[in-house]
Every structure is written in structure tokens, then in C-alpha cells.
$ cat model_13.cif   # mmCIF, C-alpha atoms and all ligand atoms
data_structure
loop_
_atom_site.group_PDB
_atom_site.id
_atom_site.type_symbol
_atom_site.label_atom_id
_atom_site.label_comp_id
_atom_site.auth_asym_id
_atom_site.auth_seq_id
_atom_site.Cartn_x
_atom_site.Cartn_y
_atom_site.Cartn_z
ATOM 1 C CA MET A 48 56.868 113.520 73.306
ATOM 2 C CA ILE A 49 54.293 112.903 76.048
ATOM 3 C CA THR A 50 54.891 114.487 79.448
ATOM 4 C CA VAL A 51 53.466 113.020 82.647
ATOM 5 C CA LYS A 52 53.442 115.469 85.561
ATOM 6 C CA THR A 53 53.382 113.827 88.985
ATOM 7 C CA PRO A 54 54.273 114.884 92.538
ATOM 8 C CA SER A 55 57.354 112.650 92.191
ATOM 9 C CA GLY A 56 58.559 114.564 89.130
ATOM 10 C CA GLU A 57 57.983 114.888 85.440
ATOM 11 C CA THR A 58 58.369 111.944 83.076
ATOM 12 C CA ARG A 59 59.186 112.610 79.426
ATOM 13 C CA ILE A 60 57.984 109.751 77.253
ATOM 14 C CA HIS A 61 59.544 109.373 73.805
ATOM 15 C CA ILE A 62 57.959 106.907 71.387
ATOM 16 C CA GLY A 63 59.410 105.982 68.011
ATOM 17 C CA GLU A 64 62.269 104.288 66.234
ATOM 18 C CA ASN A 65 64.665 107.098 67.231
ATOM 19 C CA ALA A 66 63.491 107.299 70.843
ATOM 20 C CA LEU A 67 66.903 106.226 72.193
ATOM 21 C CA ASP A 68 68.521 109.321 70.660
ATOM 22 C CA ALA A 69 66.614 111.441 73.184
ATOM 23 C CA ILE A 70 68.178 109.764 76.248
ATOM 24 C CA LYS A 71 69.870 112.256 78.572
ATOM 25 C CA THR A 72 71.963 110.945 81.453
ATOM 26 C CA ASP A 73 72.821 114.398 82.853
ATOM 27 C CA SER A 74 76.437 113.305 83.447
ATOM 28 C CA LEU A 75 75.399 110.933 86.238
ATOM 29 C CA ASP A 76 77.083 107.538 86.721
ATOM 30 C CA VAL A 77 74.830 105.066 84.969
ATOM 31 C CA CYS A 78 73.970 101.628 86.285
ATOM 32 C CA LEU A 79 72.387 99.750 83.406
ATOM 33 C CA ILE A 80 70.025 97.025 84.613
ATOM 34 C CA ALA A 81 69.085 94.928 81.623
ATOM 35 C CA ASP A 82 66.896 91.891 81.099
ATOM 36 C CA SER A 83 69.173 89.168 79.756
ATOM 37 C CA ARG A 84 66.273 87.896 77.613
ATOM 38 C CA VAL A 85 66.269 91.092 75.550
ATOM 39 C CA PRO A 86 68.295 90.800 72.311
ATOM 40 C CA GLN A 87 71.912 91.705 73.095
ATOM 41 C CA ALA A 88 72.046 94.036 70.089
ATOM 42 C CA PHE A 89 69.303 96.200 71.613
ATOM 43 C CA ILE A 90 71.003 96.309 75.026
ATOM 44 C CA GLU A 91 74.206 97.337 73.258
ATOM 45 C CA ARG A 92 72.334 100.121 71.417
ATOM 46 C CA VAL A 93 71.189 101.484 74.784
ATOM 47 C CA ALA A 94 74.652 101.010 76.346
ATOM 48 C CA LYS A 95 76.239 102.967 73.499
ATOM 49 C CA VAL A 96 74.064 105.947 74.369
ATOM 50 C CA VAL A 97 74.195 105.792 78.178
ATOM 51 C CA ARG A 98 77.819 104.551 78.651
ATOM 52 C CA PRO A 99 77.218 102.664 81.914
ATOM 53 C CA VAL A 100 79.740 102.534 84.758
ATOM 54 C CA HIS A 101 78.284 99.144 85.579
ATOM 55 C CA THR A 102 75.918 96.737 83.807
ATOM 56 C CA LEU A 103 73.802 94.312 85.739
ATOM 57 C CA ALA A 104 72.089 91.495 83.848
ATOM 58 C CA LEU A 105 68.933 89.914 85.268
ATOM 59 C CA ALA A 106 66.570 87.408 83.725
ATOM 60 C CA GLY A 107 63.248 89.221 84.189
ATOM 61 C CA GLY A 108 60.023 87.576 85.278
ATOM 62 C CA GLU A 109 57.874 87.642 88.385
ATOM 63 C CA SER A 110 60.466 85.554 90.273
ATOM 64 C CA ILE A 111 62.962 88.462 90.388
ATOM 65 C CA LYS A 112 60.651 90.749 92.346
ATOM 66 C CA THR A 113 61.953 89.572 95.723
ATOM 67 C CA LEU A 114 63.673 91.179 98.691
ATOM 68 C CA GLU A 115 66.637 88.854 98.096
ATOM 69 C CA VAL A 116 67.189 90.042 94.510
ATOM 70 C CA TYR A 117 66.635 93.629 95.682
ATOM 71 C CA GLY A 118 69.407 93.203 98.282
ATOM 72 C CA ASP A 119 71.728 91.601 95.717
ATOM 73 C CA ILE A 120 71.272 94.534 93.315
ATOM 74 C CA ALA A 121 71.926 97.108 96.052
ATOM 75 C CA LYS A 122 75.090 95.246 97.117
ATOM 76 C CA GLU A 123 76.311 94.971 93.533
ATOM 77 C CA MET A 124 75.717 98.697 92.968
ATOM 78 C CA LEU A 125 77.560 99.591 96.166
ATOM 79 C CA GLY A 126 80.400 97.232 95.293
ATOM 80 C CA ASN A 127 80.767 98.986 91.956
ATOM 81 C CA GLY A 128 80.986 102.452 93.455
ATOM 82 C CA LEU A 129 77.583 103.727 92.457
ATOM 83 C CA SER A 130 76.858 106.705 94.686
ATOM 84 C CA LYS A 131 73.927 109.017 95.216
ATOM 85 C CA ALA A 132 75.006 110.747 91.997
ATOM 86 C CA SER A 133 73.928 107.754 89.933
ATOM 87 C CA LEU A 134 71.179 107.008 87.476
ATOM 88 C CA ILE A 135 69.584 103.644 86.838
ATOM 89 C CA VAL A 136 68.650 102.848 83.262
ATOM 90 C CA ALA A 137 66.309 99.852 83.202
ATOM 91 C CA VAL A 138 65.941 97.877 79.973
ATOM 92 C CA GLY A 139 63.342 95.149 80.079
ATOM 93 C CA GLY A 140 59.785 94.141 80.817
ATOM 94 C CA GLY A 141 57.433 95.160 83.597
ATOM 95 C CA THR A 142 58.962 93.010 86.324
ATOM 96 C CA LEU A 143 62.451 94.344 85.698
ATOM 97 C CA ILE A 144 61.174 97.925 85.562
ATOM 98 C CA ASP A 145 59.192 97.426 88.797
ATOM 99 C CA MET A 146 62.335 96.121 90.477
ATOM 100 C CA ALA A 147 64.793 98.674 89.035
ATOM 101 C CA GLY A 148 62.351 101.463 89.880
ATOM 102 C CA PHE A 149 62.082 100.252 93.469
ATOM 103 C CA VAL A 150 65.863 100.094 93.786
ATOM 104 C CA ALA A 151 66.027 103.649 92.390
ATOM 105 C CA SER A 152 63.384 104.833 94.857
ATOM 106 C CA THR A 153 65.388 103.640 97.856
ATOM 107 C CA TYR A 154 69.086 103.552 96.901
ATOM 108 C CA HIS A 155 70.687 106.354 98.918
ATOM 109 C CA ARG A 156 67.081 107.396 99.684
ATOM 110 C CA GLY A 157 66.307 107.844 96.015
ATOM 111 C CA ILE A 158 68.140 108.277 92.720
ATOM 112 C CA PRO A 159 66.659 108.951 89.274
ATOM 113 C CA PHE A 160 65.853 106.247 86.756
ATOM 114 C CA ILE A 161 65.043 105.947 83.091
ATOM 115 C CA ALA A 162 62.906 103.136 81.682
ATOM 116 C CA VAL A 163 63.464 101.521 78.303
ATOM 117 C CA PRO A 164 60.565 99.051 78.194
ATOM 118 C CA THR A 165 60.939 96.069 75.898
ATOM 119 C CA THR A 166 57.527 94.427 76.282
ATOM 120 C CA LEU A 167 54.188 95.847 75.218
ATOM 121 C CA LEU A 168 52.910 95.493 78.791
ATOM 122 C CA ALA A 169 55.800 97.533 80.165
ATOM 123 C CA MET A 170 55.409 100.192 77.457
ATOM 124 C CA VAL A 171 51.767 100.923 78.200
ATOM 125 C CA ASP A 172 51.618 100.134 81.905
ATOM 126 C CA ALA A 173 54.661 99.532 84.127
ATOM 127 C CA SER A 174 56.707 102.431 82.706
ATOM 128 C CA VAL A 175 53.965 105.003 83.156
ATOM 129 C CA GLY A 176 52.864 106.326 86.529
ATOM 130 C CA GLY A 177 55.727 105.646 88.913
ATOM 131 C CA LYS A 178 54.507 102.516 90.678
ATOM 132 C CA THR A 179 57.470 100.371 91.695
ATOM 133 C CA ALA A 180 57.185 97.190 93.713
ATOM 134 C CA LEU A 181 58.366 93.857 95.012
ATOM 135 C CA ASN A 182 56.341 90.765 95.853
ATOM 136 C CA VAL A 183 56.283 88.914 99.158
ATOM 137 C CA ASP A 184 55.891 85.189 98.515
ATOM 138 C CA HIS A 185 52.974 84.937 96.083
ATOM 139 C CA HIS A 186 51.509 88.283 97.174
ATOM 140 C CA LYS A 187 52.080 90.775 94.396
ATOM 141 C CA ASN A 188 53.419 94.310 94.847
ATOM 142 C CA VAL A 189 53.237 94.280 98.632
ATOM 143 C CA ILE A 190 56.362 96.398 99.105
ATOM 144 C CA GLY A 191 56.741 99.407 96.879
ATOM 145 C CA ALA A 192 57.035 103.117 96.363
ATOM 146 C CA PHE A 193 55.791 105.805 94.017
ATOM 147 C CA HIS A 194 58.864 106.930 92.099
ATOM 148 C CA SER A 195 58.389 108.218 88.564
ATOM 149 C CA PRO A 196 61.069 107.610 85.962
ATOM 150 C CA SER A 197 62.556 110.850 84.667
ATOM 151 C CA ALA A 198 62.126 109.537 81.132
ATOM 152 C CA VAL A 199 60.768 106.569 79.206
ATOM 153 C CA HIS A 200 62.108 105.651 75.791
ATOM 154 C CA ILE A 201 59.857 103.348 73.774
ATOM 155 C CA VAL A 202 61.214 101.749 70.592
ATOM 156 C CA PRO A 203 58.290 99.766 69.146
ATOM 157 C CA SER A 204 60.463 97.601 66.847
ATOM 158 C CA VAL A 205 62.018 95.889 69.879
ATOM 159 C CA LEU A 206 58.685 94.076 70.120
ATOM 160 C CA ASP A 207 59.556 92.164 66.923
ATOM 161 C CA SER A 208 61.561 89.739 69.063
ATOM 162 C CA LEU A 209 58.948 89.426 71.812
ATOM 163 C CA PRO A 210 57.243 86.007 72.057
ATOM 164 C CA GLU A 211 53.723 86.154 70.600
ATOM 165 C CA ARG A 212 52.152 85.230 73.957
ATOM 166 C CA GLU A 213 53.886 88.169 75.680
ATOM 167 C CA LEU A 214 52.679 90.554 72.986
ATOM 168 C CA ARG A 215 49.120 89.351 73.524
ATOM 169 C CA SER A 216 49.522 89.891 77.254
ATOM 170 C CA GLY A 217 50.249 93.555 76.569
ATOM 171 C CA TYR A 218 47.159 93.821 74.407
ATOM 172 C CA ALA A 219 44.995 92.910 77.408
ATOM 173 C CA GLU A 220 46.094 96.148 79.137
ATOM 174 C CA ILE A 221 45.522 98.140 75.942
ATOM 175 C CA ILE A 222 42.012 96.694 75.568
ATOM 176 C CA LYS A 223 41.415 97.610 79.225
ATOM 177 C CA MET A 224 42.605 101.183 78.666
ATOM 178 C CA ALA A 225 40.279 101.518 75.642
ATOM 179 C CA LEU A 226 37.368 100.091 77.598
ATOM 180 C CA LEU A 227 37.945 102.615 80.377
ATOM 181 C CA LYS A 228 38.319 105.740 78.301
ATOM 182 C CA ASP A 229 38.252 105.509 74.522
ATOM 183 C CA ARG A 230 35.528 104.052 72.297
ATOM 184 C CA ASP A 231 37.509 104.840 69.098
ATOM 185 C CA LEU A 232 40.532 102.934 70.369
ATOM 186 C CA PHE A 233 38.279 100.056 71.442
ATOM 187 C CA ASP A 234 36.768 99.884 67.946
ATOM 188 C CA ALA A 235 40.191 100.197 66.298
ATOM 189 C CA LEU A 236 41.496 97.208 68.260
ATOM 190 C CA GLN A 237 38.971 94.960 66.522
ATOM 191 C CA GLY A 238 40.644 95.477 63.135
ATOM 192 C CA PRO A 239 44.014 96.316 61.584
ATOM 193 C CA HIS A 240 45.784 99.165 63.379
ATOM 194 C CA ASP A 241 49.139 100.840 63.784
ATOM 195 C CA LEU A 242 50.817 99.533 66.936
ATOM 196 C CA THR A 243 52.824 102.711 67.562
ATOM 197 C CA ASP A 244 49.619 104.787 67.476
ATOM 198 C CA VAL A 245 47.940 102.354 69.840
ATOM 199 C CA ILE A 246 50.891 102.512 72.268
ATOM 200 C CA ARG A 247 50.833 106.322 72.153
ATOM 201 C CA ARG A 248 47.089 106.495 72.808
ATOM 202 C CA SER A 249 47.311 103.984 75.682
ATOM 203 C CA VAL A 250 50.119 105.974 77.295
ATOM 204 C CA GLU A 251 48.023 109.158 76.988
ATOM 205 C CA ILE A 252 45.057 107.467 78.666
ATOM 206 C CA LYS A 253 47.222 106.258 81.515
ATOM 207 C CA ARG A 254 48.838 109.716 81.782
ATOM 208 C CA ASP A 255 45.414 111.355 82.131
ATOM 209 C CA ILE A 256 44.449 109.037 84.996
ATOM 210 C CA VAL A 257 47.792 109.110 86.807
ATOM 211 C CA GLU A 258 48.029 112.914 86.727
ATOM 212 C CA ARG A 259 44.682 113.116 88.509
ATOM 213 C CA ASP A 260 45.437 110.506 91.162
ATOM 214 C CA PHE A 261 49.142 109.698 91.369
ATOM 215 C CA ARG A 262 48.933 108.090 94.822
ATOM 216 C CA ASP A 263 46.185 105.682 93.803
ATOM 217 C CA GLN A 264 43.542 106.875 96.224
ATOM 218 C CA GLY A 265 40.581 107.196 93.898
ATOM 219 C CA ILE A 266 40.193 107.219 90.148
ATOM 220 C CA ARG A 267 43.502 105.433 89.538
ATOM 221 C CA HIS A 268 41.719 102.333 90.845
ATOM 222 C CA GLN A 269 39.943 102.365 87.455
ATOM 223 C CA LEU A 270 43.170 100.933 86.026
ATOM 224 C CA ASN A 271 42.487 97.921 88.193
ATOM 225 C CA TYR A 272 39.612 96.870 85.907
ATOM 226 C CA GLY A 273 39.659 93.076 85.706
ATOM 227 C CA HIS A 274 42.711 92.976 87.975
ATOM 228 C CA THR A 275 41.105 92.014 91.292
ATOM 229 C CA ILE A 276 40.114 88.675 89.778
ATOM 230 C CA GLY A 277 43.097 88.676 87.387
ATOM 231 C CA HIS A 278 45.776 89.147 90.055
ATOM 232 C CA ALA A 279 44.211 86.449 92.226
ATOM 233 C CA LEU A 280 44.188 84.004 89.298
ATOM 234 C CA GLU A 281 47.761 84.866 88.446
ATOM 235 C CA ALA A 282 48.892 84.216 92.016
ATOM 236 C CA MET A 283 46.833 81.051 92.283
ATOM 237 C CA HIS A 284 48.235 79.521 89.087
ATOM 238 C CA GLN A 285 51.792 80.644 89.898
ATOM 239 C CA GLY A 286 52.820 81.818 86.459
ATOM 240 C CA LYS A 287 50.986 79.236 84.344
ATOM 241 C CA TYR A 288 48.961 82.034 82.737
ATOM 242 C CA THR A 289 50.344 85.445 81.754
ATOM 243 C CA HIS A 290 49.274 88.666 83.452
ATOM 244 C CA GLY A 291 47.343 89.635 80.324
ATOM 245 C CA GLU A 292 45.550 86.295 80.103
ATOM 246 C CA CYS A 293 44.463 86.595 83.740
ATOM 247 C CA VAL A 294 43.384 90.237 83.335
ATOM 248 C CA ALA A 295 41.459 89.342 80.165
ATOM 249 C CA PHE A 296 39.615 86.656 82.109
ATOM 250 C CA GLY A 297 38.967 89.109 84.962
ATOM 251 C CA MET A 298 37.574 91.668 82.496
ATOM 252 C CA ARG A 299 35.208 89.078 81.074
ATOM 253 C CA LYS A 300 33.870 88.418 84.562
ATOM 254 C CA MET A 301 33.404 92.148 85.236
ATOM 255 C CA ALA A 302 31.700 92.633 81.841
ATOM 256 C CA LYS A 303 29.029 89.959 82.358
ATOM 257 C CA GLY A 304 25.645 91.342 81.261
ATOM 258 C CA LYS A 305 27.055 94.733 80.199
ATOM 259 C CA PRO A 306 26.061 96.131 76.785
ATOM 260 C CA PHE A 307 29.629 95.765 75.471
ATOM 261 C CA GLU A 308 30.105 92.162 76.658
ATOM 262 C CA LYS A 309 29.955 90.638 73.165
ATOM 263 C CA ALA A 310 32.208 93.311 71.673
ATOM 264 C CA LEU A 311 34.733 92.666 74.455
ATOM 265 C CA LEU A 312 34.651 88.909 73.836
ATOM 266 C CA ASP A 313 35.157 89.514 70.090
ATOM 267 C CA THR A 314 38.071 91.864 70.739
ATOM 268 C CA LEU A 315 39.701 89.452 73.183
ATOM 269 C CA ALA A 316 39.209 86.637 70.661
ATOM 270 C CA ALA A 317 40.848 88.758 67.940
ATOM 271 C CA HIS A 318 43.932 88.906 70.175
ATOM 272 C CA GLN A 319 43.799 85.227 71.243
ATOM 273 C CA LEU A 320 42.924 86.289 74.762
ATOM 274 C CA LEU A 321 39.690 84.348 75.067
ATOM 275 C CA ILE A 322 41.149 81.724 77.380
ATOM 276 C CA ASP A 323 39.142 79.893 80.027
ATOM 277 C CA ILE A 324 41.186 79.775 83.203
ATOM 278 C CA PRO A 325 40.034 77.144 85.708
ATOM 279 C CA TYR A 326 39.566 78.133 89.357
ATOM 280 C CA ASP A 327 38.072 76.959 92.589
ATOM 281 C CA LYS A 328 35.757 79.722 93.790
ATOM 282 C CA ASP A 329 36.637 79.518 97.497
ATOM 283 C CA ALA A 330 40.367 79.369 96.813
ATOM 284 C CA LEU A 331 40.105 82.358 94.486
ATOM 285 C CA ILE A 332 38.182 84.337 97.097
ATOM 286 C CA ALA A 333 40.964 83.619 99.609
ATOM 287 C CA PHE A 334 43.480 85.086 97.152
ATOM 288 C CA ILE A 335 41.263 88.115 96.530
ATOM 289 C CA ARG A 336 41.084 88.685 100.302
ATOM 290 C CA ALA A 337 44.821 89.362 100.221
ATOM 291 C CA ASP A 338 44.213 92.130 97.631
ATOM 292 C CA LYS A 339 45.616 95.468 98.734
ATOM 293 C CA LYS A 340 42.525 97.218 97.357
ATOM 294 C CA ARG A 341 40.598 95.584 100.239
ATOM 295 C CA ARG A 342 40.065 97.405 103.541
ATOM 296 C CA GLN A 343 38.627 95.107 106.204
ATOM 297 C CA ASP A 344 35.350 93.988 104.643
ATOM 298 C CA ILE A 345 35.231 96.653 101.962
ATOM 299 C CA ILE A 346 36.691 96.311 98.478
ATOM 300 C CA SER A 347 37.201 98.873 95.773
ATOM 301 C CA LEU A 348 36.128 97.638 92.330
ATOM 302 C CA ALA A 349 36.620 99.211 88.921
ATOM 303 C CA ILE A 350 33.368 99.071 86.970
ATOM 304 C CA VAL A 351 32.693 99.895 83.319
ATOM 305 C CA ASP A 352 29.029 100.378 82.384
ATOM 306 C CA HIS A 353 29.554 101.522 78.787
ATOM 307 C CA VAL A 354 32.754 101.649 76.736
ATOM 308 C CA GLY A 355 34.615 104.797 77.793
ATOM 309 C CA GLU A 356 32.658 105.215 81.020
ATOM 310 C CA ALA A 357 34.513 103.838 84.005
ATOM 311 C CA ARG A 358 33.995 104.372 87.701
ATOM 312 C CA VAL A 359 35.221 103.017 91.011
ATOM 313 C CA GLU A 360 32.766 101.482 93.450
ATOM 314 C CA THR A 361 33.562 100.791 97.093
ATOM 315 C CA VAL A 362 31.437 97.806 98.083
ATOM 316 C CA PRO A 363 31.205 95.087 100.750
ATOM 317 C CA PHE A 364 33.825 92.410 100.077
ATOM 318 C CA ASP A 365 31.246 89.722 99.376
ATOM 319 C CA THR A 366 30.036 91.678 96.303
ATOM 320 C CA ILE A 367 32.983 90.171 94.407
ATOM 321 C CA LYS A 368 31.261 86.779 94.671
ATOM 322 C CA ASN A 369 28.536 88.069 92.305
ATOM 323 C CA TYR A 370 31.132 88.301 89.556
ATOM 324 C CA LEU A 371 32.632 84.806 89.930
HETATM 325 N N1 LIG A 401 49.088 99.293 86.837
HETATM 326 C C1 LIG A 401 48.082 100.052 87.464
HETATM 327 C C2 LIG A 401 48.530 101.396 87.903
HETATM 328 O O1 LIG A 401 49.576 101.859 87.483
HETATM 329 O O2 LIG A 401 47.855 102.020 88.667
#
$ encode --input "model_13.cif" --output "C-alpha cells"
Amino acid sequence: MITVKTPSGETRIHIGENALDAIKTDSLDVCLIADSRVPQAFIERVAKVVRPVHTLALAGGESIKTLEVYGDIAKEMLGNGLSKASLIVAVGGGTLIDMAGFVASTYHRGIPFIAVPTTLLAMVDASVGGKTALNVDHHKNVIGAFHSPSAVHIVPSVLDSLPERELRSGYAEIIKMALLKDRDLFDALQGPHDLTDVIRRSVEIKRDIVERDFRDQGIRHQLNYGHTIGHALEAMHQGKYTHGECVAFGMRKMAKGKPFEKALLDTLAAHQLLIDIPYDKDALIAFIRADKKRRQDIISLAIVDHVGEARVETVPFDTIKNYL
């Protein structure tokens, strides 16, 4: 088990085929919020353990992270008698976990939640670190809260049913994590490797960063490597490219001229993430201007000089143009 200690509480992260056996609901009334795209048999496995008072099915995806869906969930929970003594168990990908976590952070001013991530991206990123959020129009994660799940239960075999493109999207975040902090992991990703080990190592890297800067005021910005450009591309293309594809492209831009540039390109190619995403420079800059990491004409950028050596640089906004 990996433990993440944050000001919002401790998260116990269980990884392995028997991870669901470790779920503890502490006798609270469970609202199960499950992504309807996840195989029913897996949702039933979770339901058997948590015995929900109410189950809410949602088709995950960026389009659910709205105030309207948020309101609908709160109304449905209220209508089904879920009180302050309730627990949300979220089964799904990053968007569903972001949404369920935000509901948990605000329902009756905050109830606990447990995450059962079913995509690689959610396992290594969204479930770790307590960021929950909704979008406003095409602006990502504008409304949110820091609310750590009390536990995360990761069953790697659920990924067997994940579309190949979604799996690759998760690899972009893993490659990022390796680039930030772990040369051995970066090297391992270029050849055959054990996915469970890679998930565990990525979670540990994220844990180490989050424990030092839970509220995202300094070094946690390192996790934003490739994301300033990536998020803008994602918003601009409105879902045509996955989060991982956009982040991979953003990382390539940030890695231009760095000693590891070729190794990064090779690693991205090995995971079919070497995709050229078209963009109009001025339009992209307009999207980047909406980035929440920007303060007036200053932007905070995650920079990697050598594999495993990351830093955050606060620079004039126009510096981003040098990378495009
Ligand atoms: N996904 C980036 C972070 O958790 O800070």
C-alpha cells in the first residue's frame, strides 16, 4: 500500500488484482457513481463490496464536467436520501473522478470519497493528489477544490478492456512523471516492462510531489510539464485529440533542443504518441492566456533540463511563444 499524506487527509492507495478486497466503507451510506462505459461485471464487483444505497450511472468524458451535471448529481443524491453520513465511491476515468470528487468536496460541505480508477490516466494522475474540478465552457478545471480521496483501489486488469488509444493517453502522463523524476523509469518505458510496477512507481512520484506542495503553489507545477501547450490544444480541438496526445505534443515542444529530446521522441513513438497536432499560433496563444497558471503577464512553466531534473520557472507570458 502507498500512503499519501495531505492537509485534506490521508489517502491509502492499494494496487493489485485484489485491491478491491481492501475497500472499507466505514458503515457509511454509499453512493456509487460509475462510468457506464466500464464493463458491467467490474462495476458489479465493486458494488458487491461497497453495497451502495444508490447507484448513479454516468457516461464519463470531458462533457460531464459541467455545473449542470454537478447539480443533477447533487439533486439525485438528495432525492435518494444520501445525508452527510455518506460516502461516494467513484468508478471510472479521470473526468468521472474529477466530478465525483468535486461533488464529495461540497455535498453537505464535504463527505469522503473513494476512487476506483478504470483508466491508466486516472490511476496515475486524477486519483492521486486530491484535485477535483469542473470545466466552464471550454475552460478546463476552472471550478474545483482540493479534496483527497480516503482511498484509491487500482485493479490493473480492468485496463484490458480500455480502448488502445485511451491506454496510450495514460502513458503520456507516465512518460512525463519519468521525465520529471526518474531516469530508470524513463529508460524502462522504452522497452518491455511490467505495467503494475510502472503504475506503482508513477503513483510514488506523484505522491512525493503532492506531499510537498498539496495546494499547487510551487513544485506541484512541475506536474504541468507539457500541459500549458497540451491543455490549450485540447481545448482548441474540442476533444479531437486525447489529453495524452496533447500533453505528448506539449512535451515535445518543451523538450526542443534539450539533451533528452531524441530519447523522448523515441519513447513517445514506442507508445504511438508521436502525433503532429495542427494549430494556429495566435489562436493557441489565446487559449494559453486563459491558463490558470498565468498571473497577469507572468506564466509559470515546468522545465526539464535533464531527465529526472525538473524545475518551475516563472517567466513573462510571451516566453511561451519561444516554444511554439
Ligand atoms: N494533474 C496535475 C496535478 O495533480 O497537479
$ atom_distance --input "model_13.cif" --atom1 "atom CA of A:His268" --atom2 "atom CA of A:Val362"
13.4 Å
$ closest_residue --input "model_13.cif" --among "A:Lys328, A:Lys52, A:Arg254, A:His200" --to "ligand LIG 401 (chain A)" --atoms "all atoms listed in the file"
A:Arg254
$ residues_near_ligand --input "model_13.cif" --ligand "ligand LIG 401 (chain A)" --cutoff "6 Å" --atoms "all atoms listed in the file" --output "PyMOL selection string"
chain A and resi 172+176+178+267+270
$ closest_atom_pairs --input "model_13.cif" --of "stretch 184-263 of chain A" --to "stretch 298-314 of chain A" --cutoff "12 Å" --atoms "only C-alpha atoms" --output "Markdown table"
| residue | atom | partner | partner_atom | distance |
| --- | --- | --- | --- | --- |
| A:Arg215 | CA | A:Thr314 | CA | 11.7 |
| A:Tyr218 | CA | A:Thr314 | CA | 10.0 |
| A:Ala219 | CA | A:Met298 | CA | 9.1 |
| A:Glu220 | CA | A:Met298 | CA | 10.2 |
| A:Ile221 | CA | A:Thr314 | CA | 11.0 |
| A:Ile222 | CA | A:Thr314 | CA | 7.9 |
| A:Lys223 | CA | A:Met298 | CA | 7.8 |
| A:Met224 | CA | A:Met298 | CA | 11.4 |
| A:Ala225 | CA | A:Leu311 | CA | 10.5 |
| A:Leu226 | CA | A:Leu311 | CA | 8.5 |
| A:Leu227 | CA | A:Met298 | CA | 11.2 |
| A:Arg230 | CA | A:Phe307 | CA | 10.7 |
| A:Leu232 | CA | A:Thr314 | CA | 11.3 |
| A:Phe233 | CA | A:Thr314 | CA | 8.2 |
| A:Asp234 | CA | A:Thr314 | CA | 8.6 |
| A:Ala235 | CA | A:Thr314 | CA | 9.7 |
| A:Leu236 | CA | A:Thr314 | CA | 6.8 |
| A:Gln237 | CA | A:Thr314 | CA | 5.3 |
| A:Gly238 | CA | A:Thr314 | CA | 8.8 |
| A:Pro239 | CA | A:Thr314 | CA | 11.8 |
$ resolve_selection --input "model_13.cif" --expression "the PyMOL selection byres (((chain A and resi 340-357) around 6) and not hetatm)" --output "PDB file with C-alpha atoms, keeping the file's coordinate frame"
ATOM      1  CA  LEU A 226      37.368 100.091  77.598  1.00  0.00           C
ATOM      2  CA  LEU A 227      37.945 102.615  80.377  1.00  0.00           C
ATOM      3  CA  LYS A 228      38.319 105.740  78.301  1.00  0.00           C
ATOM      4  CA  ASP A 229      38.252 105.509  74.522  1.00  0.00           C
ATOM      5  CA  ARG A 230      35.528 104.052  72.297  1.00  0.00           C
ATOM      6  CA  GLN A 269      39.943 102.365  87.455  1.00  0.00           C
ATOM      7  CA  TYR A 272      39.612  96.870  85.907  1.00  0.00           C
ATOM      8  CA  ASP A 338      44.213  92.130  97.631  1.00  0.00           C
ATOM      9  CA  LYS A 339      45.616  95.468  98.734  1.00  0.00           C
ATOM     10  CA  ARG A 358      33.995 104.372  87.701  1.00  0.00           C
ATOM     11  CA  VAL A 359      35.221 103.017  91.011  1.00  0.00           C
ATOM     12  CA  GLU A 360      32.766 101.482  93.450  1.00  0.00           C
ATOM     13  CA  THR A 361      33.562 100.791  97.093  1.00  0.00           C
ATOM     14  CA  VAL A 362      31.437  97.806  98.083  1.00  0.00           C
ATOM     15  CA  PRO A 363      31.205  95.087 100.750  1.00  0.00           C
ATOM     16  CA  PHE A 364      33.825  92.410 100.077  1.00  0.00           C
TER      17      PHE A 364
END
$ atom_distance --input "model_13.cif" --atom1 "atom CA of A:Phe261" --atom2 "atom CA of A:Ala137"
21.4 Å
$ closest_residue --input "model_13.cif" --among "A:Gly157, A:Gly265, A:Gly107, A:Gly291" --to "A:Val85" --atoms "only C-alpha atoms"
A:Gly107
$ closest_residue --input "model_13.cif" --among "A:Ala66, A:Leu134, A:Ile367, A:Leu167" --to "A:Val245" --atoms "all atoms listed in the file"
A:Leu167
$ resolve_selection --input "model_13.cif" --expression "the PyMOL selection byres (((chain A and resi 75) around 10) and not hetatm)" --output "list in words"
Lys71, Thr72, Asp73, Ser74, Asp76, Val77, Cys78, Val97, Pro99, Val100, Leu129, Ser130, Lys131, Ala132, Ser133, Leu134, Ile135 and Pro159 of chain A
$ closest_residue --input "model_13.cif" --among "A:Ala180, A:Leu143, A:Ala81, A:Ala316" --to "A:Ala94" --atoms "all atoms listed in the file"
A:Ala81
$ closest_residue --input "model_13.cif" --among "A:Ile335, A:Asn369, A:Ile276, A:His318" --to "A:Arg212" --atoms "all atoms listed in the file"
A:His318
$ axis_aligned_box --input "model_13.cif" --around "stretch 295-304 of chain A" --padding-each-side "3 Å" --output "AutoDock Vina command-line options"
--center_x 33.6 --center_y 89.6 --center_z 82.7 --size_x 21.8 --size_y 12.0 --size_z 11.1
$ resolve_selection --input "model_13.cif" --expression "the PyMOL selection byres (((chain A and resi 149) around 10) and not hetatm)" --output "MDAnalysis selection string"
chainID A and resid 112 117 143:148 150:154 157 160 177:181 190:194
$ closest_residue --input "model_13.cif" --among "A:His278, A:Leu206, A:Tyr288, A:Ser197" --to "A:Ser55" --atoms "all atoms listed in the file"
A:Ser197
$ residues_around --input "model_13.cif" --residues "A:Glu64" --least-positions-apart "5" --cutoff "7 Å" --atoms "all atoms listed in the file" --output "list in words"
Val202, Pro203 and Ser204 of chain A
$ atom_distance --input "model_13.cif" --atom1 "atom CA of A:Ala162" --atom2 "atom CA of A:Ile60"
9.4 Å
